[in-house]
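Read through the structure below, which is laid out as structure tokens, and then see the notes.
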Amino acid sequence: MTNNYSTSSTHRTDQITQRILEAAFNCVVRWGVAKTTMEDVARECNISRATIYRYFPGGREELVQSVIAWQAGQFLADLYEVLHGAQSLQEILERLIFFSSDYLRNLEVLDRLLATEPDAVIPKLTTEINLMASTVSGFLVPYLREFGINTQVNIHEAADYLARMLFSFISSPGDLDLQDRAKVSDLVRVELLSGIAH
Amino acid sequence: MKSEDARGTTRIFAGSRGEVPKAVPGEQESACVVPIQFYDRHANRLRDVALQEEQESSVLSSQDKRLAVIEAALTVIEDRGLRGSTLDSIANECGCSRATLYRLFPGGRDTILNAIVSTETAKLFSAIASSMLPATSVSEAISASIYEAARFLEGHRALQKLLADEPDTILPFLAFDGFESMLDQVVAFARPFLERWIDKDTAKRVVLWSARLTVSYLLCPAEGIDLTDRDTVTRLVDTYIMPGVDILVGSY
């Protein structure tokens, strides 16, 4: 086997997974996490429950976690596009904050779930955010290398620090308006980059 | 004060006034207006009330009793987690009745849990305060507060138990909107300590910044970064926070 897409059956598998994930996402948007059953998802995508269990042996739990991971993956892919062409670390982080906070603001499903089922959603999100923070830190490293940082600072530690602070400010901005360009620019200059930029 | 009740449970304290006529010291046996046989035939609750009355003369203050309940409830949480911490298990742990718990905490279990959050937050804040007082510079004060908070939270067995086994019960307080209301409290408490060296606005930003950093590394540890190690904390503060403080102090 040379790659994931070398056979048509693998491709088909991906398509089915995709259909199930989309259906599950639609169900969660409509009914919330707690009220979405495997039966609902099966009906939504017209795939039998048995088949869904074959793809997600962990059942409902695994499916919900996979929907979040899938949405997070889409988000990261879009983010990658947005960062393309930035001219400085300052600009990278500003764009990242705008894009992410805008994305979160428009993610109505998240607001609804946080309001109606915080106990079900927050732990899953927190797990996912931790994973995503390490992913973000991983993809910040090349930018730090490209634009250069204070030589006193370890590049991996700095990227990890940035990812943490980004997630903290974006998920709980407090009284900070993350769509206010001047405020975000100031935040990036002080809290994020003051010790890292050279 | 410890004494034995009819069921052989050790009691930490006796009940308070009001439900049945007051016992006169030395006359406990006869103090109950209702014959003891009555209790034998009726609800445990009534018997408990009477037994607490017997011990009326050997009491701790109400506040001490409440603290004893909170300590007992923390022990129960450490052992069984939050879902296992029923009012009965708390009553059992402190050797008192449900009636007594209701008298001390009128809302029952929820009121006890809220009281735990308040007392533990107060303990955390007072630990942080005493660590910040002797500091001689902003950098020392920030480092001391992060180190102290990390030591308190990492060593908090009930909190660690919940994070490990029932994260859904505790994470809503540490993420999203729950985290924001916690940050407000932290600012109100810690800002004055930093105002010895820096202005109000800078102090607020620095407190928020340090709190975010602390919670992030505690909830999701990074390899090689242990906030209960003083040198690590000092290094992090000097590397990532102090350059920003210098910018802020210069610009206001």
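Residues in the structure tokens are numbered from 1 in each chain, the chains being A, B, ... in the order shown, and ligands are numbered from 1 in the order shown.
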
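Set the cut-off at 6 Å, count only C-alpha atoms, and the residues of chain A near chain B turn out to be Asp119, Pro123, Ser171, Ser172, Gly174, Val190, Ser194 and Gly195 of chain A.
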
Would you export the selected residues with C-alpha atoms as a compact mmCIF listing (two decimals), in the first residue's frame, please?
```txt
# COMPACT_ATOMS: atom_id res chain seq x y z
CA ASP A 119 -21.50 19.61 30.88
CA PRO A 123 -14.93 18.47 28.47
CA SER A 171 -12.02 30.86 24.03
CA SER A 172 -12.42 33.25 27.00
CA GLY A 174 -13.12 38.46 28.90
CA VAL A 190 2.49 42.65 24.51
CA SER A 194 7.04 40.73 23.74
CA GLY A 195 9.33 37.99 24.99
```

Inset, instruction - Write out as a VMD selection string the residues lying within 10 Å of segment 113-121 of chain B, counting only C-alpha atoms and excluding same-chain residues fewer than 5 positions away. - result: chain B and resid 66 to 67 69 to 71 73 to 74 82 85 105 108 126 to 127 152 to 153 156 159 182 185 to 186

Keeping only N, CA, C and O atoms, write the selected residues as a CSV table (one decimal), in the first residue's frame.
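Result file is part.csv:
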```
chain,number,residue,atom,x,y,z
B,66,ARG,N,-19.7,24.4,60.4
B,66,ARG,CA,-19.8,24.5,58.9
B,66,ARG,C,-18.5,24.1,58.3
B,66,ARG,O,-18.4,23.3,57.3
B,67,LEU,N,-17.4,24.6,58.9
B,67,LEU,CA,-16.1,24.2,58.4
B,67,LEU,C,-15.8,22.7,58.5
B,67,LEU,O,-15.2,22.2,57.6
B,69,VAL,N,-18.0,20.4,58.3
B,69,VAL,CA,-18.8,19.7,57.3
B,69,VAL,C,-18.1,19.9,55.9
B,69,VAL,O,-17.9,18.9,55.2
B,70,ILE,N,-17.5,21.1,55.7
B,70,ILE,CA,-16.8,21.3,54.4
B,70,ILE,C,-15.6,20.4,54.3
B,70,ILE,O,-15.4,19.8,53.3
B,71,GLU,N,-14.8,20.3,55.4
B,71,GLU,CA,-13.7,19.4,55.4
B,71,GLU,C,-14.1,17.9,55.1
B,71,GLU,O,-13.5,17.2,54.3
B,73,ALA,N,-16.8,17.0,53.6
B,73,ALA,CA,-17.3,16.8,52.2
B,73,ALA,C,-16.1,16.7,51.3
B,73,ALA,O,-16.2,16.0,50.3
B,74,LEU,N,-15.1,17.5,51.5
B,74,LEU,CA,-13.9,17.4,50.7
B,74,LEU,C,-13.3,16.0,50.7
B,74,LEU,O,-12.9,15.5,49.7
B,82,LEU,N,-17.4,13.6,42.7
B,82,LEU,CA,-18.6,14.5,43.0
B,82,LEU,C,-19.9,13.8,43.0
B,82,LEU,O,-20.7,14.0,43.8
B,85,SER,N,-20.7,12.0,46.0
B,85,SER,CA,-20.8,12.7,47.2
B,85,SER,C,-22.2,13.1,47.5
B,85,SER,O,-22.6,14.2,47.3
B,105,PHE,N,-26.6,24.1,56.4
B,105,PHE,CA,-26.6,24.5,55.0
B,105,PHE,C,-28.0,24.3,54.5
B,105,PHE,O,-28.3,23.2,54.0
B,108,GLY,N,-28.9,22.2,51.5
B,108,GLY,CA,-28.5,20.8,51.4
B,108,GLY,C,-27.2,20.7,50.6
B,108,GLY,O,-26.3,21.6,50.6
B,126,SER,N,-5.7,33.3,49.9
B,126,SER,CA,-4.9,33.7,51.0
B,126,SER,C,-3.4,33.2,50.9
B,126,SER,O,-2.5,33.8,51.2
B,127,ALA,N,-3.3,32.0,50.3
B,127,ALA,CA,-2.0,31.4,50.0
B,127,ALA,C,-1.2,32.3,49.1
B,127,ALA,O,0.0,32.7,49.3
B,152,PHE,N,-0.8,25.0,45.3
B,152,PHE,CA,-2.1,24.8,45.9
B,152,PHE,C,-3.0,23.9,45.0
B,152,PHE,O,-3.6,22.9,45.5
B,153,LEU,N,-3.1,24.2,43.8
B,153,LEU,CA,-4.0,23.5,42.9
B,153,LEU,C,-3.5,22.1,42.6
B,153,LEU,O,-4.3,21.1,42.6
B,156,HIS,N,-4.2,19.9,45.5
B,156,HIS,CA,-5.5,19.8,46.0
B,156,HIS,C,-6.2,18.5,45.6
B,156,HIS,O,-6.5,18.3,44.4
B,159,LEU,N,-9.7,18.5,44.0
B,159,LEU,CA,-9.7,19.0,42.6
B,159,LEU,C,-9.1,18.1,41.6
B,159,LEU,O,-9.6,17.8,40.5
B,182,MET,N,-14.2,33.4,36.7
B,182,MET,CA,-13.1,33.2,37.7
B,182,MET,C,-12.0,34.3,37.5
B,182,MET,O,-11.5,34.7,38.5
B,185,GLN,N,-12.7,37.4,39.5
B,185,GLN,CA,-12.4,37.3,40.9
B,185,GLN,C,-10.9,37.5,41.1
B,185,GLN,O,-10.5,38.1,42.1
B,186,VAL,N,-10.1,36.8,40.3
B,186,VAL,CA,-8.7,36.8,40.5
B,186,VAL,C,-8.2,38.3,40.3
B,186,VAL,O,-7.3,38.7,41.1
```

Legend entry - Distance query Leu166 of chain A at most 12 Å, only C-alpha atoms, self and fewer than 3 positions along chain excluded, as a PyMOL selection string: (chain A and resi 92-101+129-130+132-134+136-137+140+159-163+169-173+178+184+187-188+191-193) or (chain B and resi 209+212-213+216)

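Between Gln90 of chain A and the residues A:Leu110, A:Ala42, A:Ile149, A:Glu157, the shortest atom-to-atom distance, using only C-alpha atoms, involves A:Ile149.
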